Every structure is written in structure tokens, then in C-alpha cells.
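model_7.pdb follows (PDB, C-alpha atoms and all ligand atoms):
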```pdb
ATOM      1  CA  MET Q 116     133.889  97.236 -88.649
ATOM      2  CA  LYS Q 117     131.431  95.650 -86.203
ATOM      3  CA  ILE Q 118     128.210  96.939 -84.627
ATOM      4  CA  VAL Q 119     127.382  95.518 -81.203
ATOM      5  CA  TYR Q 120     123.680  95.545 -80.392
ATOM      6  CA  SER Q 121     121.152  93.618 -78.318
ATOM      7  CA  PRO Q 122     117.357  94.109 -78.246
ATOM      8  CA  GLN Q 123     117.827  94.003 -74.444
ATOM      9  CA  TYR Q 124     119.422  97.485 -74.472
ATOM     10  CA  ASP Q 125     116.203  99.540 -74.288
ATOM     11  CA  ILE Q 126     115.180 100.840 -70.875
ATOM     12  CA  GLY Q 127     111.469 101.044 -70.082
ATOM     13  CA  PHE Q 128     109.311 100.922 -66.999
ATOM     14  CA  PHE Q 129     105.608 101.401 -67.695
ATOM     15  CA  GLY Q 130     106.141 104.642 -69.625
ATOM     16  CA  LEU Q 131     107.596 106.421 -66.562
ATOM     17  CA  GLU Q 132     110.936 106.660 -68.378
ATOM     18  CA  ARG Q 133     109.346 109.408 -70.465
ATOM     19  CA  LEU Q 134     109.569 111.678 -67.392
ATOM     20  CA  HIS Q 135     113.318 111.818 -68.044
ATOM     21  CA  PRO Q 136     114.622 113.765 -71.064
ATOM     22  CA  PHE Q 137     116.795 110.771 -72.024
ATOM     23  CA  ASP Q 138     115.329 108.762 -74.921
ATOM     24  CA  SER Q 139     115.758 105.341 -73.354
ATOM     25  CA  ARG Q 140     114.694 103.594 -76.571
ATOM     26  CA  LYS Q 141     117.203 105.328 -78.827
ATOM     27  CA  TYR Q 142     119.191 102.091 -79.054
ATOM     28  CA  SER Q 143     116.494 100.114 -80.880
ATOM     29  CA  ARG Q 144     115.480 103.197 -82.876
ATOM     30  CA  ALA Q 145     119.013 103.622 -84.219
ATOM     31  CA  TRP Q 146     119.185  99.874 -84.874
ATOM     32  CA  ARG Q 147     115.949  99.880 -86.887
ATOM     33  CA  CYS Q 148     117.233 102.766 -89.046
ATOM     34  CA  LEU Q 149     120.452 100.840 -89.693
ATOM     35  CA  LYS Q 150     118.446  97.734 -90.582
ATOM     36  CA  ARG Q 151     116.367  99.687 -93.105
ATOM     37  CA  GLU Q 152     119.437 101.291 -94.626
ATOM     38  CA  LEU Q 153     121.942  98.428 -94.657
ATOM     39  CA  GLY Q 154     119.562  95.482 -95.111
ATOM     40  CA  SER Q 155     121.289  92.110 -95.213
ATOM     41  CA  ARG Q 156     124.731  93.797 -95.007
ATOM     42  CA  LEU Q 157     124.002  94.470 -91.353
ATOM     43  CA  ARG Q 158     124.179  90.725 -90.613
ATOM     44  CA  ASP Q 159     127.893  90.712 -91.434
ATOM     45  CA  LEU Q 160     128.541  93.737 -89.230
ATOM     46  CA  HIS Q 161     126.399  92.694 -86.262
ATOM     47  CA  VAL Q 162     127.779  91.230 -83.029
ATOM     48  CA  LYS Q 163     125.113  90.276 -80.488
ATOM     49  CA  PRO Q 164     125.988  90.022 -76.787
ATOM     50  CA  GLU Q 165     124.945  86.615 -75.442
ATOM     51  CA  GLN Q 166     124.542  87.717 -71.833
ATOM     52  CA  PRO Q 167     124.721  90.815 -69.647
ATOM     53  CA  VAL Q 168     127.884  91.653 -67.720
ATOM     54  CA  SER Q 169     128.229  89.389 -64.676
ATOM     55  CA  ARG Q 170     128.593  90.372 -61.026
ATOM     56  CA  ASP Q 171     132.139  88.980 -61.045
ATOM     57  CA  GLU Q 172     133.006  91.164 -64.020
ATOM     58  CA  LEU Q 173     131.475  94.229 -62.325
ATOM     59  CA  LEU Q 174     133.543  93.558 -59.196
ATOM     60  CA  ARG Q 175     136.696  94.185 -61.237
ATOM     61  CA  VAL Q 176     135.916  97.914 -60.912
ATOM     62  CA  HIS Q 177     132.939  98.335 -58.547
ATOM     63  CA  SER Q 178     132.880  97.607 -54.836
ATOM     64  CA  ALA Q 179     130.594  94.894 -53.415
ATOM     65  CA  LYS Q 180     129.127  97.602 -51.165
ATOM     66  CA  TYR Q 181     128.063  99.700 -54.168
ATOM     67  CA  LEU Q 182     126.508  96.734 -55.990
ATOM     68  CA  GLU Q 183     124.563  96.021 -52.774
ATOM     69  CA  GLN Q 184     123.414  99.676 -52.592
ATOM     70  CA  LEU Q 185     121.878  99.303 -56.058
ATOM     71  CA  ARG Q 186     119.230  97.122 -54.402
ATOM     72  CA  GLN Q 187     117.940 100.296 -52.731
ATOM     73  CA  PRO Q 188     115.499 102.183 -54.978
ATOM     74  CA  ASN Q 189     116.630 105.530 -53.472
ATOM     75  CA  CYS Q 190     120.171 104.942 -54.636
ATOM     76  CA  VAL Q 191     119.137 104.191 -58.234
ATOM     77  CA  ALA Q 192     116.637 107.093 -58.262
ATOM     78  CA  ALA Q 193     119.407 109.504 -57.228
ATOM     79  CA  ALA Q 194     121.780 108.238 -59.929
ATOM     80  CA  LEU Q 195     119.075 108.552 -62.577
ATOM     81  CA  GLU Q 196     117.860 111.931 -61.242
ATOM     82  CA  LEU Q 197     114.340 110.510 -61.453
ATOM     83  CA  PRO Q 198     112.609 110.563 -58.010
ATOM     84  CA  ILE Q 199     109.682 108.392 -59.179
ATOM     85  CA  VAL Q 200     112.117 105.438 -59.409
ATOM     86  CA  ALA Q 201     112.377 105.444 -55.590
ATOM     87  CA  LYS Q 202     108.727 104.323 -55.489
ATOM     88  CA  LEU Q 203     109.304 101.257 -57.698
ATOM     89  CA  PRO Q 204     109.914  97.781 -56.258
ATOM     90  CA  ASN Q 205     113.466  96.534 -56.360
ATOM     91  CA  PHE Q 206     112.742  93.702 -58.826
ATOM     92  CA  VAL Q 207     111.203  96.153 -61.339
ATOM     93  CA  ILE Q 208     114.245  98.449 -61.099
ATOM     94  CA  ASN Q 209     116.544  95.509 -61.612
ATOM     95  CA  ARG Q 210     114.656  94.054 -64.566
ATOM     96  CA  CYS Q 211     113.677  97.270 -66.374
ATOM     97  CA  ILE Q 212     116.597  99.630 -65.660
ATOM     98  CA  LEU Q 213     119.707  97.941 -64.263
ATOM     99  CA  ARG Q 214     119.595  94.816 -66.419
ATOM    100  CA  PRO Q 215     119.439  96.734 -69.741
ATOM    101  CA  MET Q 216     122.434  98.749 -68.507
ATOM    102  CA  ARG Q 217     124.287  95.522 -67.707
ATOM    103  CA  TRP Q 218     123.602  94.388 -71.285
ATOM    104  CA  GLY Q 219     124.908  97.755 -72.492
ATOM    105  CA  THR Q 220     128.016  97.366 -70.336
ATOM    106  CA  LYS Q 221     128.684  93.913 -71.801
ATOM    107  CA  GLY Q 222     128.265  95.516 -75.229
ATOM    108  CA  SER Q 223     131.057  97.994 -74.460
ATOM    109  CA  ILE Q 224     133.352  95.146 -73.395
ATOM    110  CA  LEU Q 225     132.558  93.305 -76.645
ATOM    111  CA  ALA Q 226     132.998  96.468 -78.738
ATOM    112  CA  VAL Q 227     136.535  96.862 -77.395
ATOM    113  CA  ARG Q 228     137.257  93.211 -78.214
ATOM    114  CA  GLU Q 229     135.871  93.641 -81.750
ATOM    115  CA  ALA Q 230     137.724  96.924 -82.274
ATOM    116  CA  ILE Q 231     141.025  95.248 -81.487
ATOM    117  CA  LYS Q 232     140.171  92.444 -83.946
ATOM    118  CA  ASN Q 233     138.621  94.561 -86.723
ATOM    119  CA  GLY Q 234     139.908  98.120 -86.269
ATOM    120  CA  VAL Q 235     136.537  99.798 -85.658
ATOM    121  CA  ALA Q 236     133.515  98.792 -83.559
ATOM    122  CA  VAL Q 237     130.450 100.582 -82.230
ATOM    123  CA  ASN Q 238     128.355  99.607 -79.233
ATOM    124  CA  LEU Q 239     124.824 100.947 -79.763
ATOM    125  CA  SER Q 240     124.640 101.641 -76.019
ATOM    126  CA  GLY Q 241     127.036 102.283 -73.132
ATOM    127  CA  GLY Q 242     129.299 105.262 -72.587
ATOM    128  CA  TYR Q 243     128.276 105.647 -68.926
ATOM    129  CA  HIS Q 244     131.011 108.164 -68.267
ATOM    130  CA  HIS Q 245     129.691 109.602 -64.982
ATOM    131  CA  ALA Q 246     129.644 106.256 -63.109
ATOM    132  CA  LYS Q 247     132.288 105.836 -60.407
ATOM    133  CA  ALA Q 248     133.476 102.694 -58.614
ATOM    134  CA  ASP Q 249     131.341 103.482 -55.549
ATOM    135  CA  GLN Q 250     128.661 105.773 -56.904
ATOM    136  CA  GLY Q 251     126.293 106.182 -59.828
ATOM    137  CA  GLU Q 252     125.300 109.634 -61.065
ATOM    138  CA  GLY Q 253     124.222 111.538 -64.168
ATOM    139  CA  PHE Q 254     122.137 108.607 -65.487
ATOM    140  CA  CYS Q 255     125.176 106.325 -65.288
ATOM    141  CA  ILE Q 256     125.282 103.234 -63.058
ATOM    142  CA  TYR Q 257     128.084 100.979 -64.311
ATOM    143  CA  ALA Q 258     131.589 102.150 -65.252
ATOM    144  CA  ASP Q 259     131.581 100.371 -68.623
ATOM    145  CA  ILE Q 260     134.633 102.223 -69.959
ATOM    146  CA  ALA Q 261     136.964 101.211 -67.112
ATOM    147  CA  LEU Q 262     135.463  97.696 -67.205
ATOM    148  CA  ALA Q 263     136.129  97.390 -70.950
ATOM    149  CA  VAL Q 264     139.759  98.533 -70.592
ATOM    150  CA  ASP Q 265     140.240  96.097 -67.710
ATOM    151  CA  ALA Q 266     138.744  93.214 -69.728
ATOM    152  CA  ALA Q 267     141.012  93.949 -72.705
ATOM    153  CA  ARG Q 268     144.071  93.790 -70.438
ATOM    154  CA  ARG Q 269     142.850  90.716 -68.571
ATOM    155  CA  GLU Q 270     142.144  88.842 -71.815
ATOM    156  CA  GLY Q 271     145.595  89.753 -73.104
ATOM    157  CA  LEU Q 272     144.131  91.674 -76.065
ATOM    158  CA  ILE Q 273     146.405  94.570 -75.184
ATOM    159  CA  SER Q 274     149.611  94.394 -73.170
ATOM    160  CA  GLN Q 275     149.630  95.228 -69.465
ATOM    161  CA  ASP Q 276     151.588  98.434 -69.997
ATOM    162  CA  ALA Q 277     149.717  99.382 -73.205
ATOM    163  CA  ARG Q 278     148.710 102.975 -73.697
ATOM    164  CA  VAL Q 279     144.978 103.580 -74.136
ATOM    165  CA  ALA Q 280     143.422 106.801 -75.454
ATOM    166  CA  TYR Q 281     140.015 107.831 -74.118
ATOM    167  CA  ILE Q 282     138.290 110.510 -76.192
ATOM    168  CA  ASP Q 283     135.103 112.048 -74.839
ATOM    169  CA  THR Q 284     132.987 114.446 -76.930
ATOM    170  CA  ASP Q 285     129.801 114.147 -74.879
ATOM    171  CA  ALA Q 286     128.620 117.627 -73.816
ATOM    172  CA  HIS Q 287     129.316 116.785 -70.171
ATOM    173  CA  GLN Q 288     132.759 116.234 -68.690
ATOM    174  CA  GLY Q 289     133.409 112.501 -68.206
ATOM    175  CA  ASN Q 290     134.069 112.743 -64.475
ATOM    176  CA  GLY Q 291     133.293 109.111 -63.650
ATOM    177  CA  VAL Q 292     135.955 107.851 -66.049
ATOM    178  CA  CYS Q 293     138.478 110.251 -64.492
ATOM    179  CA  HIS Q 294     137.716 109.070 -60.951
ATOM    180  CA  THR Q 295     137.687 105.390 -61.861
ATOM    181  CA  LEU Q 296     141.003 105.655 -63.717
ATOM    182  CA  ILE Q 297     142.530 108.317 -61.481
ATOM    183  CA  ASP Q 298     145.699 106.292 -60.778
ATOM    184  CA  ASP Q 299     145.849 104.440 -64.103
ATOM    185  CA  ARG Q 300     148.317 106.588 -66.010
ATOM    186  CA  ARG Q 301     148.332 104.150 -68.924
ATOM    187  CA  VAL Q 302     145.029 105.735 -70.008
ATOM    188  CA  PHE Q 303     145.295 109.186 -71.632
ATOM    189  CA  ILE Q 304     142.161 111.324 -71.546
ATOM    190  CA  PHE Q 305     140.988 113.898 -74.105
ATOM    191  CA  ASP Q 306     137.740 115.645 -73.208
ATOM    192  CA  ILE Q 307     135.853 118.389 -75.092
ATOM    193  CA  TYR Q 308     132.921 119.509 -72.965
ATOM    194  CA  ASN Q 309     130.641 122.321 -71.872
ATOM    195  CA  HIS Q 310     132.461 123.693 -68.818
ATOM    196  CA  THR Q 311     129.388 125.602 -67.616
ATOM    197  CA  CYS Q 312     127.143 122.618 -66.887
ATOM    198  CA  TYR Q 313     127.220 119.451 -64.747
ATOM    199  CA  PRO Q 314     129.670 118.283 -63.375
ATOM    200  CA  CYS Q 315     131.442 121.634 -63.546
ATOM    201  CA  TYR Q 316     132.635 121.685 -59.915
ATOM    202  CA  ASP Q 317     134.325 118.288 -60.020
ATOM    203  CA  TYR Q 318     137.854 119.702 -60.054
ATOM    204  CA  VAL Q 319     139.479 116.398 -59.042
ATOM    205  CA  ALA Q 320     138.092 114.839 -62.241
ATOM    206  CA  GLN Q 321     139.126 117.809 -64.371
ATOM    207  CA  ASP Q 322     142.684 117.581 -63.004
ATOM    208  CA  ARG Q 323     142.881 113.997 -64.307
ATOM    209  CA  VAL Q 324     142.116 115.041 -67.910
ATOM    210  CA  ASP Q 325     145.292 115.127 -70.019
ATOM    211  CA  CYS Q 326     143.874 117.444 -72.690
ATOM    212  CA  HIS Q 327     140.845 119.707 -72.142
ATOM    213  CA  VAL Q 328     138.911 121.608 -74.730
ATOM    214  CA  ARG Q 329     136.351 123.748 -72.923
ATOM    215  CA  VAL Q 330     133.380 125.008 -74.915
ATOM    216  CA  ASN Q 331     130.090 126.687 -74.014
ATOM    217  CA  SER Q 332     126.852 128.042 -75.426
ATOM    218  CA  SER Q 333     128.626 131.035 -77.021
ATOM    219  CA  HIS Q 334     130.458 128.711 -79.441
ATOM    220  CA  THR Q 335     128.857 128.304 -82.839
ATOM    221  CA  SER Q 336     128.668 124.855 -84.376
ATOM    222  CA  GLY Q 337     131.586 125.726 -86.683
ATOM    223  CA  GLU Q 338     133.671 127.016 -83.755
ATOM    224  CA  TYR Q 339     133.045 123.766 -81.877
ATOM    225  CA  MET Q 340     134.402 121.807 -84.833
ATOM    226  CA  THR Q 341     137.411 124.121 -85.136
ATOM    227  CA  ALA Q 342     138.206 123.630 -81.430
ATOM    228  CA  LEU Q 343     138.045 119.853 -81.872
ATOM    229  CA  ARG Q 344     140.120 119.894 -85.075
ATOM    230  CA  GLU Q 345     142.768 122.061 -83.369
ATOM    231  CA  GLY Q 346     142.884 119.996 -80.165
ATOM    232  CA  LEU Q 347     142.649 116.303 -80.993
ATOM    233  CA  PRO Q 348     145.500 115.709 -83.501
ATOM    234  CA  GLY Q 349     148.114 117.305 -81.208
ATOM    235  CA  PHE Q 350     146.892 115.217 -78.279
ATOM    236  CA  LEU Q 351     147.125 111.991 -80.287
ATOM    237  CA  ASP Q 352     150.565 112.939 -81.646
ATOM    238  CA  SER Q 353     151.895 113.572 -78.147
ATOM    239  CA  VAL Q 354     150.468 110.337 -76.717
ATOM    240  CA  THR Q 355     151.788 108.173 -79.562
ATOM    241  CA  ARG Q 356     155.215 109.858 -79.789
ATOM    242  CA  THR Q 357     157.148 107.567 -77.445
ATOM    243  CA  GLN Q 358     154.943 104.470 -77.311
ATOM    244  CA  PRO Q 359     152.150 103.125 -79.526
ATOM    245  CA  VAL Q 360     148.543 103.400 -78.372
ATOM    246  CA  GLU Q 361     146.976  99.930 -78.545
ATOM    247  CA  LEU Q 362     143.330 100.937 -78.032
ATOM    248  CA  ALA Q 363     141.041 103.981 -78.121
ATOM    249  CA  ILE Q 364     137.590 104.303 -76.615
ATOM    250  CA  TYR Q 365     135.498 107.054 -78.165
ATOM    251  CA  ASN Q 366     132.596 108.293 -76.025
ATOM    252  CA  ALA Q 367     130.439 109.997 -78.666
ATOM    253  CA  GLY Q 368     127.580 111.703 -76.796
ATOM    254  CA  THR Q 369     125.002 113.300 -79.063
ATOM    255  CA  ASP Q 370     123.905 115.787 -76.387
ATOM    256  CA  VAL Q 371     126.086 118.435 -78.046
ATOM    257  CA  TYR Q 372     123.160 118.826 -80.483
ATOM    258  CA  GLU Q 373     121.616 122.310 -80.645
ATOM    259  CA  GLY Q 374     118.182 120.880 -79.783
ATOM    260  CA  ASP Q 375     119.344 118.947 -76.718
ATOM    261  CA  ALA Q 376     117.704 119.726 -73.365
ATOM    262  CA  LEU Q 377     120.777 119.158 -71.190
ATOM    263  CA  GLY Q 378     123.936 119.698 -73.247
ATOM    264  CA  GLY Q 379     123.787 123.501 -73.531
ATOM    265  CA  LEU Q 380     125.714 123.548 -76.835
ATOM    266  CA  ASN Q 381     124.839 124.527 -80.403
ATOM    267  CA  VAL Q 382     126.226 121.765 -82.575
ATOM    268  CA  LYS Q 383     124.283 121.116 -85.762
ATOM    269  CA  ALA Q 384     123.364 117.601 -86.910
ATOM    270  CA  GLU Q 385     125.793 117.666 -89.845
ATOM    271  CA  HIS Q 386     128.629 118.595 -87.504
ATOM    272  CA  ILE Q 387     127.882 115.646 -85.179
ATOM    273  CA  LEU Q 388     128.398 113.376 -88.193
ATOM    274  CA  GLU Q 389     131.525 115.292 -89.191
ATOM    275  CA  ARG Q 390     132.822 115.127 -85.595
ATOM    276  CA  ASP Q 391     132.404 111.366 -85.297
ATOM    277  CA  LEU Q 392     133.998 110.640 -88.663
ATOM    278  CA  PHE Q 393     136.854 113.035 -87.847
ATOM    279  CA  VAL Q 394     137.621 111.416 -84.476
ATOM    280  CA  VAL Q 395     137.511 107.877 -85.862
ATOM    281  CA  ASP Q 396     139.590 108.884 -88.896
ATOM    282  CA  GLN Q 397     142.254 110.542 -86.705
ATOM    283  CA  LEU Q 398     142.576 107.301 -84.752
ATOM    284  CA  ARG Q 399     142.600 105.036 -87.811
ATOM    285  CA  GLN Q 400     145.234 107.228 -89.510
ATOM    286  CA  ARG Q 401     147.454 106.352 -86.539
ATOM    287  CA  ASP Q 402     146.455 102.675 -86.753
ATOM    288  CA  ILE Q 403     144.715 102.771 -83.362
ATOM    289  CA  PRO Q 404     141.721 100.405 -82.926
ATOM    290  CA  VAL Q 405     138.647 102.348 -81.797
ATOM    291  CA  ALA Q 406     135.481 101.332 -79.959
ATOM    292  CA  MET Q 407     132.754 103.977 -80.120
ATOM    293  CA  LEU Q 408     130.102 104.192 -77.365
ATOM    294  CA  LEU Q 409     126.861 106.215 -77.499
ATOM    295  CA  SER Q 410     126.794 108.006 -74.110
ATOM    296  CA  GLY Q 411     124.362 110.947 -73.599
ATOM    297  CA  GLY Q 412     121.741 112.375 -75.925
ATOM    298  CA  TYR Q 413     118.610 114.011 -74.521
ATOM    299  CA  SER Q 414     116.532 114.912 -77.529
ATOM    300  CA  GLY Q 415     114.094 112.932 -79.616
ATOM    301  CA  GLU Q 416     116.563 113.370 -82.467
ATOM    302  CA  SER Q 417     119.427 111.594 -80.722
ATOM    303  CA  TYR Q 418     118.914 108.236 -82.441
ATOM    304  CA  LYS Q 419     118.988 109.925 -85.866
ATOM    305  CA  HIS Q 420     122.441 111.383 -85.134
ATOM    306  CA  VAL Q 421     123.658 107.980 -83.975
ATOM    307  CA  PHE Q 422     122.259 106.392 -87.124
ATOM    308  CA  ALA Q 423     123.898 108.986 -89.397
ATOM    309  CA  SER Q 424     127.308 108.515 -87.765
ATOM    310  CA  VAL Q 425     127.206 104.717 -87.757
ATOM    311  CA  ARG Q 426     125.987 104.684 -91.377
ATOM    312  CA  GLY Q 427     128.861 107.025 -92.292
ATOM    313  CA  MET Q 428     131.344 104.789 -90.497
ATOM    314  CA  SER Q 429     129.928 101.695 -92.214
ATOM    315  CA  GLU Q 430     130.583 103.373 -95.595
ATOM    316  CA  TRP Q 431     134.198 104.070 -94.624
ATOM    317  CA  TYR Q 432     135.064 100.977 -92.607
ATOM    318  CA  GLY Q 433     132.280  98.440 -93.266
ATOM    319  CA  SER Q 434     133.987  96.188 -95.768
TER     320      SER Q 434
HETATM  321 ZN    ZN Q 501     126.180 114.212 -71.520
END
```

Is it possible to give me this structure as C-alpha cells?
Amino acid sequence: MKIVYSPQYDIGFFGLERLHPFDSRKYSRAWRCLKRELGSRLRDLHVKPEQPVSRDELLRVHSAKYLEQLRQPNCVAAALELPIVAKLPNFVINRCILRPMRWGTKGSILAVREAIKNGVAVNLSGGYHHAKADQGEGFCIYADIALAVDAARREGLISQDARVAYIDTDAHQGNGVCHTLIDDRRVFIFDIYNHTCYPCYDYVAQDRVDCHVRVNSSHTSGEYMTALREGLPGFLDSVTRTQPVELAIYNAGTDVYEGDALGGLNVKAEHILERDLFVVDQLRQRDIPVAMLLSGGYSGESYKHVFASVRGMSEWYGS
């Protein structure tokens, strides 16, 4: 197992980031917990990105027009749902918000590479599953998941016709991934999400999902886990039946937590850990390499859930 992390991941702009419910420093917080817990062992697991994703890499999925639009503060403010960002100068937005996300995007690309080499990898950032080729939304700017799949194919790490499984347990439906990969039928999508909250009216995205599990605030934490346990194995069996799956990307949002401001679900902390270990185990039982990405998490507790899951995975897969 490998853990991809850079100190460049944290997002911060003069404390204004606190106006958003997203804990934009959860990356370094989770990292520090892992450092305390794993000590020198972490050195063997750590992979550090050397640079952020380049413009040329981004152009593999995004249009030049969209990358140009990101120079307009209004455009970034809308994607982040944080109007105060529209008042910031372009260079501050680039340095304090977009650049950390480009580091996070590079981390997702590296996590996929490491997963294929080592079986399991985690990027302590990324999972921007609402970003589309021509539009950012829902706090997501760069389509790191589509970029990581593209890089794996381009580098020959998986074959051109390889099947890829995308598993999304973030509370929100991963509409950006669906739009970006709408015609790429080599990628099979499993999504368990709260169907009553954003982006609930994106029916084009929902039509692209191969296996839905719809949950809402009436589900108890145990019922959420039952729905996942009933849905995921059958999906993986059907996708692997006629052709092997060469890669899985697991988008493990912690905004399913009962204390989360935006997820609208009731999942307890111990079930987030159980969920993540279950998903990764289901993939490893089928010999599918898996790269886990953090995605959403809008409570002050989010980094603790990430830490617990990555610690659990390091106990199972860390040697
Ligand atoms: Zn979310």
C-alpha cells in the first residue's frame, strides 16, 4: 500500500476559507494523525508528488476555454459556492486555491499509478467528482478521476480496452465523473448517494450510472451499510464476469457522516471505517488494484474519519 500526500494540498486564503463548511486543511490534519500513529513506518508508505498537474495534462480532459475561464474570479467563486472569492485577485486565487487543487489532482494520478504497482493506494486529497470538462461546480474544479484514468491508459499501465470500476460513496452523486466519462463505456460506475440533495436534478448524469443505490436521511447508519453490502458485490461480479477489471477508483467521501453539514445522511463514524474497509476488501478479493480518493467531508471531524480508514487500510495492506 502507498499513501500519496503533499504539504501543498491544504487550501487557505487569509482565513476566508472558514466561511465554507469544507475543512480545507483536512489533508494535513489527517497526515499528522497518520504520522503520530505510524511513525517511521509512514516513510515506507509515503509517495510525495514532485509537481502539480501540468496544463498539458489538464488539456487531456478539460477544454482550453475552461482553463482560461478559471482566470476569472467569478467563475471560481461560483464553482466553490463562495461569493467572497469573486473579490480576490486572480493571482491569490491561483496560488491559494487552484494550485493546491492541481497538486491534489496530480496526487490522484500518482495514486492510480501506485495502486496498479502495489495493489492499494490512497491520495490524501482529490476526488473532485462534480468537476466537468467545461465547468467546475460543487467545490470541484479539476476532473481528477477522468484525468487519472486517462493517464493510466496513456502510460500503458492498463490496456486501452481495459475495464475500470469507479465506486463513489460520497453523499452526493458524482455527476461530474458521469458527464466527463459519458461516452467512455470502458468505465463502470457504482454510486451510493443521497438522492434528495445536490445534484439531484442532473438526470443525464444519473442515467450514466451503471448501478445506483439511493439513500436518504430516513436510512439509519446500519441500513446504509446493508444497502452497500447488498449492492456492491453484485455490481463487481457482473462487471468482472466477462472481462477482468484492471483498475478501480474509490471516491470515499466522508460527508455521509451524521454530523456533516451538507451530506444529509446519518452514517456513524465506525460505519465509515467499516464502509471503506469493505469496499477496498471487495476489490482486493477480486484482485482489482484500487486507488482511494478523499472527496467531500464538511465537518470538523472529517479528517478523523480519513485517518481511521487509512490507518485501518495500513493494518490490512501496509506490509
Ligand atoms: Zn459530497

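Atom CA of Q:Pro122 to atom CA of Q:Met407 spans 18.4 Å [interatomic distance, one decimal].
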
Residue with the minimum atom-to-atom distance to ligand ZN 501 (chain Q), picked from Q:Tyr413, Q:Trp146, Q:Tyr316, Q:Tyr181 with only C-alpha atoms and all ligand atoms counted, is Q:Tyr413

Explicit residue set for the PyMOL selection byres (((not hetatm)) within 8 of (chain Q and resi 501)), as JSON, numbers by chain | {"Q": [285, 286, 287, 288, 368, 369, 370, 371, 377, 378, 410, 411, 412]}

So which residues touch Q:Val162 within 10 Å, counting all atoms listed in the file, skipping near sequence neighbours fewer than 4 positions away, as a tab-separated table (two decimals) with C-alpha atoms, keeping the file's coordinate frame?
```
chain	number	residue	atom	x	y	z
Q	117	LYS	CA	131.43	95.65	-86.20
Q	118	ILE	CA	128.21	96.94	-84.63
Q	119	VAL	CA	127.38	95.52	-81.20
Q	120	TYR	CA	123.68	95.54	-80.39
Q	121	SER	CA	121.15	93.62	-78.32
Q	157	LEU	CA	124.00	94.47	-91.35
Q	158	ARG	CA	124.18	90.72	-90.61
Q	222	GLY	CA	128.26	95.52	-75.23
Q	225	LEU	CA	132.56	93.30	-76.64
Q	226	ALA	CA	133.00	96.47	-78.74
Q	229	GLU	CA	135.87	93.64	-81.75
Q	236	ALA	CA	133.51	98.79	-83.56
Q	237	VAL	CA	130.45	100.58	-82.23
Q	238	ASN	CA	128.35	99.61	-79.23
```

Figure out the distance between atom CA of Q:Met216 and atom CA of Q:Leu149, please, to one decimal in Å.
-> 21.4 Å

Excluding Q:Tyr281 and residues on its chain fewer than 5 positions from it, collect all residues at most 9 Å away from it, counting all atoms listed in the file, and give them as a VMD selection string.
-> chain Q and resid 260 302 to 306 362 to 366

Can you spit out the residues from that selection as a PDB file, in the coordinates of the input, using C-alpha atoms?
```pdb
ATOM      1  CA  ILE Q 260     134.633 102.223 -69.959  1.00  0.00           C
ATOM      2  CA  VAL Q 302     145.029 105.735 -70.008  1.00  0.00           C
ATOM      3  CA  PHE Q 303     145.295 109.186 -71.632  1.00  0.00           C
ATOM      4  CA  ILE Q 304     142.161 111.324 -71.546  1.00  0.00           C
ATOM      5  CA  PHE Q 305     140.988 113.898 -74.105  1.00  0.00           C
ATOM      6  CA  ASP Q 306     137.740 115.645 -73.208  1.00  0.00           C
ATOM      7  CA  LEU Q 362     143.330 100.937 -78.032  1.00  0.00           C
ATOM      8  CA  ALA Q 363     141.041 103.981 -78.121  1.00  0.00           C
ATOM      9  CA  ILE Q 364     137.590 104.303 -76.615  1.00  0.00           C
ATOM     10  CA  TYR Q 365     135.498 107.054 -78.165  1.00  0.00           C
ATOM     11  CA  ASN Q 366     132.596 108.293 -76.025  1.00  0.00           C
TER      12      ASN Q 366
END
```

Surrounding residues of Q:Ser240 excluding itself and chain neighbours under 6 positions, 8 Å, all atoms listed in the file, as a list in words =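 Counting all atoms listed in the file, the residues come to Tyr120, Tyr124, Tyr142, Gly219, Thr220, Gly222, Ser223, Leu408, Leu409 and Ser410 of chain Q.
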
May I have the residues within 10 Å of Q:Met340 as a list in words, using only C-alpha atoms and disregarding those fewer than 5 positions away in the same chain?
->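 The residues that qualify are His334, Thr335, Glu345, Gly346, Val382, His386, Ile387, Glu389, Arg390 and Phe393 of chain Q.
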
Applied to this file, what does the PyMOL selection byres (((chain Q and resi 427) around 12) and not hetatm) return in terms of residues, put as a PyMOL selection string?
-> chain Q and resi 116+149+152-153+385+387-393+395-396+420-426+428-433

Report as AutoDock Vina command-line options the centre and the edge lengths, in Å to one decimal, of the axis-aligned box holding every listed atom of stretch 249-257 of chain Q, padded by 4 Å on each side.
```
--center_x 126.7 --center_y 106.3 --center_z -60.5 --size_x 17.2 --size_y 18.6 --size_z 17.9
```

Fewer than 2 positions away in the same chain doesn't count, so skip those; otherwise give me all residues within 9 Å of Q:Val330, counting all atoms listed in the file, as a list in words.
->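 So the residues in contact are Ala286, Ile307, Tyr308, Asn309, His310, Thr311, Val328, Ser332, Ser333, His334, Tyr339, Ala342 and Leu380 of chain Q.
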
Could the residues in this selection be saved with C-alpha atoms as a compact mmCIF listing (two decimals), in the frame of the given file?
```
# COMPACT_ATOMS: atom_id res chain seq x y z
CA ALA Q 286 128.62 117.63 -73.82
CA ILE Q 307 135.85 118.39 -75.09
CA TYR Q 308 132.92 119.51 -72.96
CA ASN Q 309 130.64 122.32 -71.87
CA HIS Q 310 132.46 123.69 -68.82
CA THR Q 311 129.39 125.60 -67.62
CA VAL Q 328 138.91 121.61 -74.73
CA SER Q 332 126.85 128.04 -75.43
CA SER Q 333 128.63 131.04 -77.02
CA HIS Q 334 130.46 128.71 -79.44
CA TYR Q 339 133.04 123.77 -81.88
CA ALA Q 342 138.21 123.63 -81.43
CA LEU Q 380 125.71 123.55 -76.83
```

Residues matched by the PyMOL selection byres (((chain Q and resi 208) around 10) and not hetatm), written as a PyMOL selection string = chain Q and resi 127-128+185-188+191-192+200-207+209-214

Mind listing whatever residues come within 12 Å of the point (150.0, 113.3, -77.4)? Use all atoms listed in the file, file coordinates, and give them as a PyMOL selection string.
-> chain Q and resi 278-281+302-305+325-326+346-360+401

Hey, can you spit out that residue selection with C-alpha atoms as a compact mmCIF listing (two decimals), in the coordinates of the input?
```txt
# COMPACT_ATOMS: atom_id res chain seq x y z
CA ARG Q 278 148.71 102.98 -73.70
CA VAL Q 279 144.98 103.58 -74.14
CA ALA Q 280 143.42 106.80 -75.45
CA TYR Q 281 140.01 107.83 -74.12
CA VAL Q 302 145.03 105.74 -70.01
CA PHE Q 303 145.29 109.19 -71.63
CA ILE Q 304 142.16 111.32 -71.55
CA PHE Q 305 140.99 113.90 -74.10
CA ASP Q 325 145.29 115.13 -70.02
CA CYS Q 326 143.87 117.44 -72.69
CA GLY Q 346 142.88 120.00 -80.17
CA LEU Q 347 142.65 116.30 -80.99
CA PRO Q 348 145.50 115.71 -83.50
CA GLY Q 349 148.11 117.30 -81.21
CA PHE Q 350 146.89 115.22 -78.28
CA LEU Q 351 147.12 111.99 -80.29
CA ASP Q 352 150.56 112.94 -81.65
CA SER Q 353 151.90 113.57 -78.15
CA VAL Q 354 150.47 110.34 -76.72
CA THR Q 355 151.79 108.17 -79.56
CA ARG Q 356 155.22 109.86 -79.79
CA THR Q 357 157.15 107.57 -77.44
CA GLN Q 358 154.94 104.47 -77.31
CA PRO Q 359 152.15 103.12 -79.53
CA VAL Q 360 148.54 103.40 -78.37
CA ARG Q 401 147.45 106.35 -86.54
```

Which residue of Q:Lys150, Q:Lys163, Q:Lys383, Q:His327 approaches Q:Gly289 most closely, using all atoms listed in the file |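 The shortest atom-to-atom distance to Q:Gly289 comes from Q:His327.
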